[in-house]
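Visitor: Structure file model_17.csv (CSV, C-alpha atoms and all ligand atoms) is given on the next line.
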```csv
chain,number,residue,atom,x,y,z
A,30,MET,CA,-8.6,-21.0,-16.0
A,31,THR,CA,-5.6,-19.4,-14.3
A,32,THR,CA,-2.1,-20.5,-15.0
A,33,GLN,CA,0.2,-21.5,-12.2
A,34,MET,CA,2.8,-18.8,-13.0
A,35,ARG,CA,5.8,-18.9,-10.5
A,36,ASP,CA,8.8,-16.7,-10.1
A,37,ALA,CA,12.4,-17.9,-9.8
A,38,LEU,CA,11.9,-18.5,-6.1
A,39,ASP,CA,8.6,-20.4,-6.7
A,40,ARG,CA,6.3,-17.6,-5.6
A,41,PRO,CA,3.0,-17.2,-7.5
A,42,LEU,CA,1.6,-13.8,-8.5
A,43,ARG,CA,-1.6,-13.2,-6.6
A,44,ASP,CA,-1.9,-9.5,-5.8
A,45,LEU,CA,-1.6,-6.5,-7.9
A,46,ARG,CA,-1.4,-3.0,-6.5
A,47,ILE,CA,-2.2,-0.3,-8.9
A,48,SER,CA,-1.2,3.3,-8.3
A,49,VAL,CA,-3.7,5.5,-10.1
A,50,THR,CA,-1.9,8.8,-9.5
A,51,ASP,CA,1.4,10.1,-8.3
A,52,ARG,CA,-0.3,13.1,-6.7
A,53,CYS,CA,-1.5,13.5,-3.1
A,54,ASN,CA,-3.2,16.2,-1.0
A,55,PHE,CA,-1.0,15.2,2.0
A,56,ARG,CA,2.7,15.6,2.5
A,57,CYS,CA,3.3,12.8,5.1
A,58,THR,CA,6.9,13.4,6.3
A,59,TYR,CA,7.8,9.8,5.8
A,60,CYS,CA,6.5,9.5,2.3
A,61,MET,CA,6.3,12.8,0.4
A,62,PRO,CA,8.5,15.3,2.4
A,63,LYS,CA,7.7,18.9,1.5
A,64,GLU,CA,11.3,19.7,0.9
A,65,VAL,CA,11.2,17.3,-2.1
A,66,PHE,CA,7.6,17.3,-3.1
A,67,GLY,CA,7.2,21.1,-2.9
A,68,ARG,CA,5.5,23.6,-5.2
A,69,ASP,CA,8.0,23.1,-8.0
A,70,PHE,CA,7.8,19.4,-8.0
A,71,GLN,CA,6.9,18.1,-11.4
A,72,PHE,CA,4.2,15.5,-11.2
A,73,LEU,CA,3.4,13.3,-14.2
A,74,PRO,CA,1.4,15.0,-17.0
A,75,ALA,CA,-2.0,13.3,-17.7
A,76,ARG,CA,-0.8,11.9,-21.1
A,77,LEU,CA,1.9,9.8,-19.4
A,78,ILE,CA,-0.6,8.3,-16.9
A,79,LEU,CA,-2.5,5.2,-17.8
A,80,SER,CA,-6.1,5.8,-18.7
A,81,PHE,CA,-8.9,3.9,-17.0
A,82,GLU,CA,-9.2,1.8,-20.2
A,83,GLU,CA,-5.5,0.9,-20.1
A,84,ILE,CA,-5.6,0.0,-16.4
A,85,ALA,CA,-8.7,-2.1,-16.9
A,86,ARG,CA,-7.1,-3.9,-19.9
A,87,LEU,CA,-4.0,-4.7,-17.9
A,88,GLY,CA,-6.1,-5.7,-14.9
A,89,ARG,CA,-7.9,-8.3,-17.1
A,90,ILE,CA,-4.6,-9.6,-18.4
A,91,PHE,CA,-3.2,-9.9,-14.9
A,92,VAL,CA,-6.2,-11.7,-13.6
A,93,GLY,CA,-5.9,-14.1,-16.5
A,94,GLU,CA,-2.3,-14.8,-15.2
A,95,GLY,CA,-3.5,-15.7,-11.7
A,96,VAL,CA,-4.0,-12.4,-9.9
A,97,GLU,CA,-6.9,-12.6,-7.4
A,98,LYS,CA,-6.7,-9.4,-5.6
A,99,ILE,CA,-6.3,-5.8,-6.8
A,100,ARG,CA,-5.7,-2.9,-4.6
A,101,LEU,CA,-5.9,0.7,-5.9
A,102,THR,CA,-3.5,3.1,-4.3
A,103,GLY,CA,-1.5,6.2,-5.1
A,104,GLY,CA,-0.4,8.9,-4.3
A,105,GLU,CA,-3.9,9.4,-3.0
A,106,PRO,CA,-6.3,7.4,-5.2
A,107,LEU,CA,-9.3,9.5,-4.4
A,108,VAL,CA,-7.8,12.6,-5.9
A,109,ARG,CA,-8.0,10.9,-9.3
A,110,ARG,CA,-11.2,12.3,-10.9
A,111,ASP,CA,-14.1,9.8,-11.3
A,112,ILE,CA,-12.1,7.0,-9.7
A,113,GLU,CA,-15.4,5.1,-9.1
A,114,LYS,CA,-15.6,4.6,-12.9
A,115,LEU,CA,-12.3,2.7,-12.8
A,116,VAL,CA,-13.6,0.7,-9.8
A,117,ALA,CA,-16.7,-0.3,-11.8
A,118,MET,CA,-14.5,-1.4,-14.7
A,119,LEU,CA,-12.3,-3.5,-12.5
A,120,ALA,CA,-15.1,-4.9,-10.5
A,121,GLY,CA,-16.5,-6.5,-13.7
A,122,ILE,CA,-13.4,-8.6,-14.3
A,123,GLU,CA,-14.3,-12.2,-14.1
A,124,GLY,CA,-12.1,-14.2,-11.7
A,125,LEU,CA,-11.2,-11.2,-9.5
A,126,ARG,CA,-12.0,-12.1,-5.9
A,127,ASP,CA,-11.1,-8.9,-4.0
A,128,LEU,CA,-11.0,-5.3,-5.1
A,129,THR,CA,-9.9,-2.8,-2.4
A,130,LEU,CA,-8.4,0.6,-2.1
A,131,THR,CA,-5.9,2.3,0.3
A,132,THR,CA,-6.6,5.9,1.1
A,133,ASN,CA,-5.6,8.7,3.5
A,134,GLY,CA,-9.4,9.0,4.2
A,135,SER,CA,-9.5,12.8,3.5
A,136,LEU,CA,-12.1,12.4,0.6
A,137,LEU,CA,-13.8,9.3,1.9
A,138,ALA,CA,-16.8,11.0,3.4
A,139,LYS,CA,-17.6,12.3,-0.1
A,140,LYS,CA,-16.8,9.2,-2.0
A,141,ALA,CA,-17.7,6.1,0.1
A,142,VAL,CA,-21.2,5.6,-1.2
A,143,ALA,CA,-20.2,5.9,-4.9
A,144,LEU,CA,-17.2,3.6,-4.4
A,145,LYS,CA,-19.4,0.9,-2.8
A,146,ALA,CA,-22.0,1.3,-5.6
A,147,ALA,CA,-19.3,0.8,-8.2
A,148,GLY,CA,-18.3,-2.5,-6.7
A,149,LEU,CA,-15.4,-1.8,-4.3
A,150,SER,CA,-15.3,-4.5,-1.5
A,151,ARG,CA,-13.6,-2.6,1.3
A,152,VAL,CA,-11.1,0.1,2.1
A,153,THR,CA,-7.9,0.5,4.1
A,154,VAL,CA,-7.5,3.9,5.7
A,155,SER,CA,-4.2,5.3,6.8
A,156,LEU,CA,-4.2,7.1,10.1
A,157,ASP,CA,-1.1,7.7,12.1
A,158,SER,CA,-2.4,9.2,15.3
A,159,LEU,CA,-5.6,10.3,17.1
A,160,ASP,CA,-3.6,13.2,18.6
A,161,ASP,CA,-4.6,16.1,16.4
A,162,ALA,CA,-1.3,17.9,16.8
A,163,VAL,CA,0.7,14.8,16.0
A,164,PHE,CA,-1.4,13.9,13.0
A,165,ARG,CA,-1.4,17.4,11.5
A,166,ALA,CA,2.4,17.5,11.9
A,167,MET,CA,2.8,14.1,10.2
A,168,ASN,CA,0.5,14.8,7.2
A,169,ASP,CA,2.2,18.2,7.1
A,170,VAL,CA,-0.8,19.9,5.5
A,171,ASP,CA,-2.6,20.6,8.8
A,172,PHE,CA,-5.3,18.1,8.1
A,173,PRO,CA,-7.4,17.3,11.2
A,174,VAL,CA,-8.0,13.8,12.6
A,175,ALA,CA,-11.7,14.4,12.9
A,176,ARG,CA,-12.2,14.5,9.1
A,177,VAL,CA,-10.4,11.2,8.7
A,178,LEU,CA,-12.6,9.6,11.4
A,179,ALA,CA,-15.6,11.0,9.6
A,180,GLY,CA,-14.3,9.3,6.4
A,181,ILE,CA,-13.9,6.0,8.3
A,182,GLU,CA,-17.5,6.3,9.6
A,183,ALA,CA,-18.8,7.0,6.1
A,184,ALA,CA,-17.0,3.9,4.8
A,185,ARG,CA,-18.5,1.8,7.6
A,186,GLU,CA,-22.0,3.1,6.9
A,187,ALA,CA,-21.6,2.4,3.2
A,188,GLY,CA,-20.6,-1.2,3.9
A,189,LEU,CA,-16.9,-1.0,2.8
A,190,THR,CA,-16.1,-3.5,5.5
A,191,PRO,CA,-14.2,-4.9,7.2
A,192,ILE,CA,-12.2,-1.6,7.3
A,193,LYS,CA,-8.5,-1.8,8.0
A,194,ILE,CA,-6.6,1.1,9.5
A,195,ASN,CA,-2.9,1.5,8.7
A,196,MET,CA,-0.6,3.3,11.2
A,197,VAL,CA,3.0,3.8,10.3
A,198,VAL,CA,5.0,4.0,13.5
A,199,LYS,CA,8.0,6.3,13.7
A,200,ARG,CA,10.0,6.4,16.9
A,201,GLY,CA,9.8,9.7,18.7
A,202,VAL,CA,7.0,11.0,16.4
A,203,ASN,CA,3.9,8.9,17.0
A,204,ASP,CA,4.9,5.9,19.1
A,205,GLY,CA,3.1,7.6,21.9
A,206,SER,CA,-0.1,7.1,20.0
A,207,ILE,CA,0.1,3.3,19.7
A,208,VAL,CA,-2.0,2.4,22.8
A,209,ASP,CA,-4.6,5.2,22.2
A,210,MET,CA,-5.1,3.9,18.7
A,211,ALA,CA,-5.5,0.4,19.9
A,212,ARG,CA,-8.1,1.5,22.5
A,213,HIS,CA,-10.0,3.5,20.0
A,214,PHE,CA,-10.4,0.7,17.5
A,215,HIS,CA,-10.7,-2.1,20.0
A,216,GLY,CA,-14.2,-3.6,19.7
A,217,SER,CA,-15.1,-1.4,16.7
A,218,GLY,CA,-14.9,-4.1,14.0
A,219,ALA,CA,-12.1,-2.2,12.2
A,220,ILE,CA,-8.7,-4.0,12.1
A,221,LEU,CA,-5.8,-1.8,13.1
A,222,ARG,CA,-2.5,-2.6,11.5
A,223,PHE,CA,0.8,-1.2,12.7
A,224,ILE,CA,3.5,-0.8,10.0
A,225,GLU,CA,7.1,-0.6,10.7
A,226,TYR,CA,8.5,2.5,9.2
A,227,MET,CA,10.4,1.4,6.0
A,228,ASP,CA,13.3,2.6,4.0
A,229,VAL,CA,11.2,3.0,0.9
A,230,GLY,CA,12.5,5.4,-1.8
A,231,THR,CA,15.4,7.7,-1.1
A,232,THR,CA,13.8,11.0,0.1
A,233,ASN,CA,12.5,10.3,3.6
A,234,GLY,CA,15.9,10.1,5.4
A,235,TRP,CA,15.1,6.7,6.9
A,236,ARG,CA,17.3,5.5,9.8
A,237,LEU,CA,17.0,2.1,11.5
A,238,ASP,CA,16.8,4.0,14.8
A,239,ASP,CA,13.4,5.5,13.7
A,240,VAL,CA,11.9,2.0,13.5
A,241,VAL,CA,9.8,0.7,16.4
A,242,PRO,CA,10.1,-3.1,16.2
A,243,ALA,CA,7.0,-5.1,15.9
A,244,ALA,CA,7.7,-7.0,19.2
A,245,GLU,CA,7.9,-3.6,21.0
A,246,ILE,CA,4.5,-2.6,19.6
A,247,VAL,CA,2.8,-5.8,20.6
A,248,GLU,CA,4.3,-5.6,24.1
A,249,LYS,CA,3.1,-2.0,24.6
A,250,ILE,CA,-0.5,-2.8,23.5
A,251,SER,CA,-0.6,-6.1,25.4
A,252,ALA,CA,0.3,-4.3,28.7
A,253,ALA,CA,-3.0,-2.3,28.3
A,254,LEU,CA,-5.2,-4.7,26.3
A,255,PRO,CA,-3.9,-8.3,26.5
A,256,LEU,CA,-3.2,-10.0,23.1
A,257,GLU,CA,-2.5,-13.5,21.8
A,258,PRO,CA,-1.1,-14.5,18.4
A,259,ALA,CA,-3.7,-15.7,15.9
A,260,ASP,CA,-3.1,-17.9,12.8
A,261,ALA,CA,-2.6,-16.3,9.4
A,262,ASN,CA,-5.7,-16.2,7.2
A,263,TYR,CA,-3.8,-17.4,4.2
A,264,ARG,CA,-0.3,-18.2,3.0
A,265,GLY,CA,1.5,-15.0,2.1
A,266,GLU,CA,-0.5,-12.8,4.5
A,267,VAL,CA,1.7,-9.8,5.2
A,268,ALA,CA,0.3,-8.8,8.5
A,269,ARG,CA,1.0,-11.0,11.6
A,270,ARG,CA,-2.3,-11.3,13.4
A,271,TYR,CA,-3.0,-10.9,17.1
A,272,ARG,CA,-6.3,-11.1,18.8
A,273,TYR,CA,-7.5,-9.4,22.0
A,274,THR,CA,-8.1,-12.0,24.7
A,275,ASP,CA,-11.3,-10.2,25.7
A,276,GLY,CA,-12.9,-10.7,22.3
A,277,GLY,CA,-12.4,-7.1,21.3
A,278,GLY,CA,-11.2,-8.1,17.8
A,279,GLU,CA,-7.7,-8.2,16.3
A,280,ILE,CA,-4.8,-6.2,15.2
A,281,GLY,CA,-2.1,-6.8,12.6
A,282,ILE,CA,1.6,-6.0,12.5
A,283,ILE,CA,3.5,-5.5,9.3
A,284,SER,CA,7.1,-6.0,10.3
A,285,SER,CA,8.9,-5.8,7.0
A,286,VAL,CA,12.0,-4.5,8.7
A,287,THR,CA,12.5,-6.8,11.7
A,288,GLN,CA,10.7,-9.9,10.4
A,289,PRO,CA,10.7,-9.8,6.6
A,290,PHE,CA,8.3,-12.0,4.6
A,291,CYS,CA,9.8,-12.0,1.1
A,292,GLY,CA,9.6,-15.8,0.9
A,293,ALA,CA,5.8,-15.5,0.7
A,294,CYS,CA,5.6,-12.3,-1.3
A,295,THR,CA,3.1,-12.7,-4.1
A,296,ARG,CA,2.8,-9.0,-5.1
A,297,ALA,CA,3.4,-6.9,-8.1
A,298,ARG,CA,3.0,-3.1,-8.3
A,299,LEU,CA,2.0,-1.0,-11.2
A,300,SER,CA,2.9,2.7,-11.1
A,301,SER,CA,0.6,5.3,-12.5
A,302,GLU,CA,2.7,5.7,-15.6
A,303,GLY,CA,2.5,1.9,-16.2
A,304,ARG,CA,5.7,0.6,-14.9
A,305,LEU,CA,5.6,-2.8,-13.2
A,306,TYR,CA,7.7,-3.4,-10.1
A,307,THR,CA,8.2,-6.8,-8.8
A,308,CYS,CA,9.4,-5.5,-5.4
A,309,LEU,CA,8.5,-2.5,-3.3
A,310,PHE,CA,12.2,-1.7,-3.3
A,311,GLY,CA,12.7,-1.9,-7.0
A,312,SER,CA,14.5,0.7,-8.9
A,313,ALA,CA,13.6,0.6,-12.6
A,314,GLY,CA,10.4,-1.3,-13.2
A,315,HIS,CA,9.2,-2.7,-16.5
A,316,ASP,CA,7.4,-0.5,-19.0
A,317,PHE,CA,3.9,-1.7,-19.8
A,318,ARG,CA,2.6,1.6,-21.1
A,319,ALA,CA,4.7,1.3,-24.2
A,320,LEU,CA,3.2,-2.2,-24.8
A,321,LEU,CA,-0.3,-1.0,-24.2
A,322,ARG,CA,0.2,1.9,-26.6
A,323,SER,CA,1.7,-0.3,-29.3
A,324,ASP,CA,-0.2,-2.8,-31.5
A,325,LYS,CA,0.6,-5.7,-29.1
A,326,SER,CA,-2.3,-8.1,-28.4
A,327,ASP,CA,-3.5,-9.1,-25.0
A,328,GLU,CA,-1.7,-12.5,-25.3
A,329,GLU,CA,1.6,-10.8,-26.2
A,330,ILE,CA,1.3,-8.5,-23.2
A,331,ALA,CA,0.4,-11.6,-21.0
A,332,ALA,CA,3.5,-13.3,-22.3
A,333,HIS,CA,5.6,-10.3,-21.2
A,334,VAL,CA,4.0,-10.5,-17.7
A,335,ARG,CA,5.0,-14.2,-17.5
A,336,SER,CA,8.5,-13.4,-18.6
A,337,VAL,CA,9.0,-10.6,-16.1
A,338,TRP,CA,7.5,-12.6,-13.2
A,339,GLY,CA,9.3,-15.8,-14.2
A,340,ARG,CA,12.7,-14.0,-13.8
A,341,ARG,CA,11.8,-12.5,-10.4
A,342,THR,CA,14.3,-13.0,-7.6
A,343,ASP,CA,13.5,-10.0,-5.4
A,344,ARG,CA,13.9,-10.4,-1.6
A,345,TYR,CA,15.1,-7.0,-0.6
A,346,SER,CA,13.8,-7.0,3.0
A,347,GLU,CA,15.5,-10.3,3.7
A,348,LEU,CA,18.8,-8.9,2.4
A,349,ARG,CA,18.5,-5.6,4.1
A,350,THR,CA,21.3,-4.6,6.4
A,351,ARG,CA,22.2,-1.6,8.4
A,352,ALA,CA,24.0,-0.3,5.3
A,353,THR,CA,20.5,0.7,3.9
A,354,ALA,CA,20.5,3.5,6.4
A,355,ARG,CA,22.8,5.2,3.8
A,356,PRO,CA,21.3,4.0,0.6
A,357,ARG,CA,23.6,4.2,-2.4
A,358,ARG,CA,21.1,2.8,-4.9
A,359,ARG,CA,18.2,4.8,-6.2
A,360,LYS,CA,14.8,3.3,-5.3
A,361,VAL,CA,11.3,4.1,-6.4
A,362,GLU,CA,9.4,6.4,-4.1
A,363,MET,CA,6.4,5.1,-2.1
A,364,SER,CA,4.2,7.8,-3.4
A,365,HIS,CA,5.0,6.4,-6.9
A,366,ILE,CA,3.9,2.8,-6.3
A,367,GLY,CA,1.6,3.2,-3.4
A,368,GLY,CA,2.9,0.8,-0.7
A,401,LIG,N1,-2.3,7.9,0.0
A,401,LIG,C1,-2.8,6.6,0.4
A,401,LIG,C2,-2.6,6.4,1.9
A,401,LIG,O1,-1.8,7.1,2.5
A,401,LIG,O2,-3.2,5.4,2.4
A,401,LIG,C3,-2.3,5.4,-0.4
A,401,LIG,C4,-0.8,5.5,-0.7
A,401,LIG,S1,0.3,5.3,0.6
A,401,LIG,C5,1.9,5.4,-0.2
A,401,LIG,C6,0.1,3.6,1.1
A,401,LIG,C7,0.6,3.3,2.5
A,401,LIG,O3,2.0,3.3,2.6
A,401,LIG,C8,0.0,4.1,3.6
A,401,LIG,O4,-0.6,3.4,4.6
A,401,LIG,C9,1.3,4.8,4.2
A,401,LIG,O5,1.2,5.1,5.5
A,401,LIG,C10,2.3,3.8,3.8
A,401,LIG,N2,3.7,4.3,3.8
A,401,LIG,C11,4.1,5.4,3.1
A,401,LIG,N3,5.5,5.6,3.3
A,401,LIG,C12,5.9,4.6,4.2
A,401,LIG,C13,7.1,4.2,4.8
A,401,LIG,N4,8.2,4.9,4.6
A,401,LIG,N5,7.1,3.1,5.6
A,401,LIG,C14,6.0,2.4,5.8
A,401,LIG,N6,4.8,2.7,5.3
A,401,LIG,C15,4.7,3.8,4.5
A,402,LIG,FE1,0.0,10.8,0.5
A,402,LIG,FE2,-0.4,8.4,1.4
A,402,LIG,FE3,2.1,9.2,1.0
A,402,LIG,FE4,0.7,10.3,3.0
A,402,LIG,S1,1.3,8.1,2.8
A,402,LIG,S2,1.9,11.4,1.5
A,402,LIG,S3,-1.3,10.3,2.2
A,402,LIG,S4,0.6,8.9,-0.6
A,403,LIG,FE1,8.1,-8.5,-1.5
A,403,LIG,FE2,10.2,-7.0,-2.0
A,403,LIG,FE3,8.8,-6.6,0.2
A,403,LIG,FE4,10.4,-8.7,0.0
A,403,LIG,S1,11.0,-6.6,0.0
A,403,LIG,S2,8.2,-8.7,0.8
A,403,LIG,S3,10.1,-9.2,-2.2
A,403,LIG,S4,8.1,-6.3,-1.9
```
Do you think you could lay out the structure here as structure tokens?

Guide:
Amino acid sequence: MTTQMRDALDRPLRDLRISVTDRCNFRCTYCMPKEVFGRDFQFLPARLILSFEEIARLGRIFVGEGVEKIRLTGGEPLVRRDIEKLVAMLAGIEGLRDLTLTTNGSLLAKKAVALKAAGLSRVTVSLDSLDDAVFRAMNDVDFPVARVLAGIEAAREAGLTPIKINMVVKRGVNDGSIVDMARHFHGSGAILRFIEYMDVGTTNGWRLDDVVPAAEIVEKISAALPLEPADANYRGEVARRYRYTDGGGEIGIISSVTQPFCGACTRARLSSEGRLYTCLFGSAGHDFRALLRSDKSDEEIAAHVRSVWGRRTDRYSELRTRATARPRRRKVEMSHIGG
């Protein structure tokens, strides 16, 4: 039986995002800019990263406290060796309804079959443009679009469906790719989601002017492929849904900057070194690694989860102002907690 744990603003805890590594084989300019995450950057040593056993133990504890959905992320989750073993461990947790993973797709062609066999339900693949030059510049490691598309195809063949595609839109960088992306995935069964570029972390030089508002994205697509709003699938769904009027499927828009959704935010995030963040824009996090490596029982750790969640008052996006264009406060990096 799951408890009805609620935070200070009466929000339950339903989703847990687990970052399994702080490393990535891409250097997306909006997430891990090379100037910061260069050759000399010190990633976490293995001993400071949660083991699969530790992650699975925490996963069980969180599901016991009401979590229904777990998403693995990173960094790039598929660069963590034997990730499918972790998937198998999590897939066995009783009460977990949905186990998914967000990836840049670069290693998906190799891994899709093993991930499906281990019990992964589906995947979300990030892809910011179909224009090879634009995409190579955005991932900043010269990775070609064709290999991500091959990864998406492998995921489809393996049955990791419905596949979602995440496109972060940055003004003047890839906003010219919005309609091409919509056309490409229209009628494919994959759900394309457009994400407003966010002021996560402190290294990506975010400016409000770089954000393409959701309304503008919908207008652009609708002019080429008419759209109509669709109802949310469930309370707390982050993406606003729109469907093509010709039956070609649907898209989602994640408008955390222009239309924040903190009131329905049921998410917690666990970093690869075991810190729990109750908001994407958190700064410190709560250390669960120390608890896991102490003699605490599962029930004692569960009590700590309840205490952290019970005190939660986060609603950063709702409180965001133009002042965030020059952030003074240190915030956790996206590559640390995985979106
Ligand atoms: N490496 C994997 C990937 O790229 O899918 C998983 C981790 S990545 C941090 C998770 C998601 O966050 C990706 O879809 C990425 O595009 C998105 N993301 C990263 N930085 C962002 C930002 N500043 N604003 C909005 N989305 C961002
Ligand atoms: Fe890596 Fe994903 Fe961040 Fe890109 S968005 S740098 S693929 S973690
Ligand atoms: Fe949730 Fe924080 Fe994002 Fe608001 S800003 S939706 S509280 S993660």

Visitor: Between A:Val92, A:Leu144, A:Leu77, A:Ile47, single out the one closest to Arg322 of chain A, counting all atoms listed in the file.

Guide: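 Of the candidates, the smallest distance to Arg322 of chain A is held by A:Leu77.
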
Visitor: Ligand LIG 401 (chain A): which residues are within 6 Å, counting all atoms listed in the file, as a list of chain:residue names?

Guide: A:Tyr59, A:Cys60, A:Thr102, A:Gly103, A:Gly104, A:Glu105, A:Thr131, A:Thr132, A:Asn133, A:Val154, A:Ser155, A:Asn195, A:Val197, A:Ile224, A:Glu225, A:Tyr226, A:Met227, A:Asp228, A:Val229, A:Met363, A:Ser364, A:Gly367, A:Gly368

Visitor: Keeping only C-alpha atoms, write the selected residues as a compact mmCIF listing (two decimals), keeping the file's coordinate frame.

Guide:
```
# COMPACT_ATOMS: atom_id res chain seq x y z
CA TYR A 59 7.80 9.80 5.80
CA CYS A 60 6.50 9.50 2.30
CA THR A 102 -3.50 3.10 -4.30
CA GLY A 103 -1.50 6.20 -5.10
CA GLY A 104 -0.40 8.90 -4.30
CA GLU A 105 -3.90 9.40 -3.00
CA THR A 131 -5.90 2.30 0.30
CA THR A 132 -6.60 5.90 1.10
CA ASN A 133 -5.60 8.70 3.50
CA VAL A 154 -7.50 3.90 5.70
CA SER A 155 -4.20 5.30 6.80
CA ASN A 195 -2.90 1.50 8.70
CA VAL A 197 3.00 3.80 10.30
CA ILE A 224 3.50 -0.80 10.00
CA GLU A 225 7.10 -0.60 10.70
CA TYR A 226 8.50 2.50 9.20
CA MET A 227 10.40 1.40 6.00
CA ASP A 228 13.30 2.60 4.00
CA VAL A 229 11.20 3.00 0.90
CA MET A 363 6.40 5.10 -2.10
CA SER A 364 4.20 7.80 -3.40
CA GLY A 367 1.60 3.20 -3.40
CA GLY A 368 2.90 0.80 -0.70
```

Visitor: Name the closest residue to ligand LIG 403 (chain A) among the candidates A:Ile192, A:Ala37, A:Leu137, A:Leu73; distances are taken between atoms, counting only C-alpha atoms and all ligand atoms.

Guide: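 For ligand LIG 403 (chain A), the nearest of the candidates is A:Ala37.
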
Visitor: In Å, rounded to a single decimal, give me how far atom CA of Leu125 of chain A is from atom CA of Ile283 of chain A.

Guide: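 Rounded to one decimal, the two atoms are 24.5 Å apart.
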
Visitor: Rounded to one decimal, what separation in Å do you get between atom CA of Ser251 of chain A and atom CA of Arg272 of chain A?

Guide: 10.1 Å

Visitor: What lies within 9 Å of Asp39 of chain A using only C-alpha atoms, ignoring chain neighbours under 4 positions off, as JSON, numbers by chain?

Guide: {"A": [34, 35, 292, 339]}

Visitor: For Arg236 of chain A, which of A:Val286, A:Ala147, A:Cys53, A:Arg76 is the closest residue, counting all atoms listed in the file?

Guide: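 Closest residue, counting all atoms listed in the file: A:Val286.
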
Visitor: Suppose you want the space between atom CA of Thr153 of chain A and atom CA of Arg89 of chain A; what is it in Å?

Guide: 23.0 Å
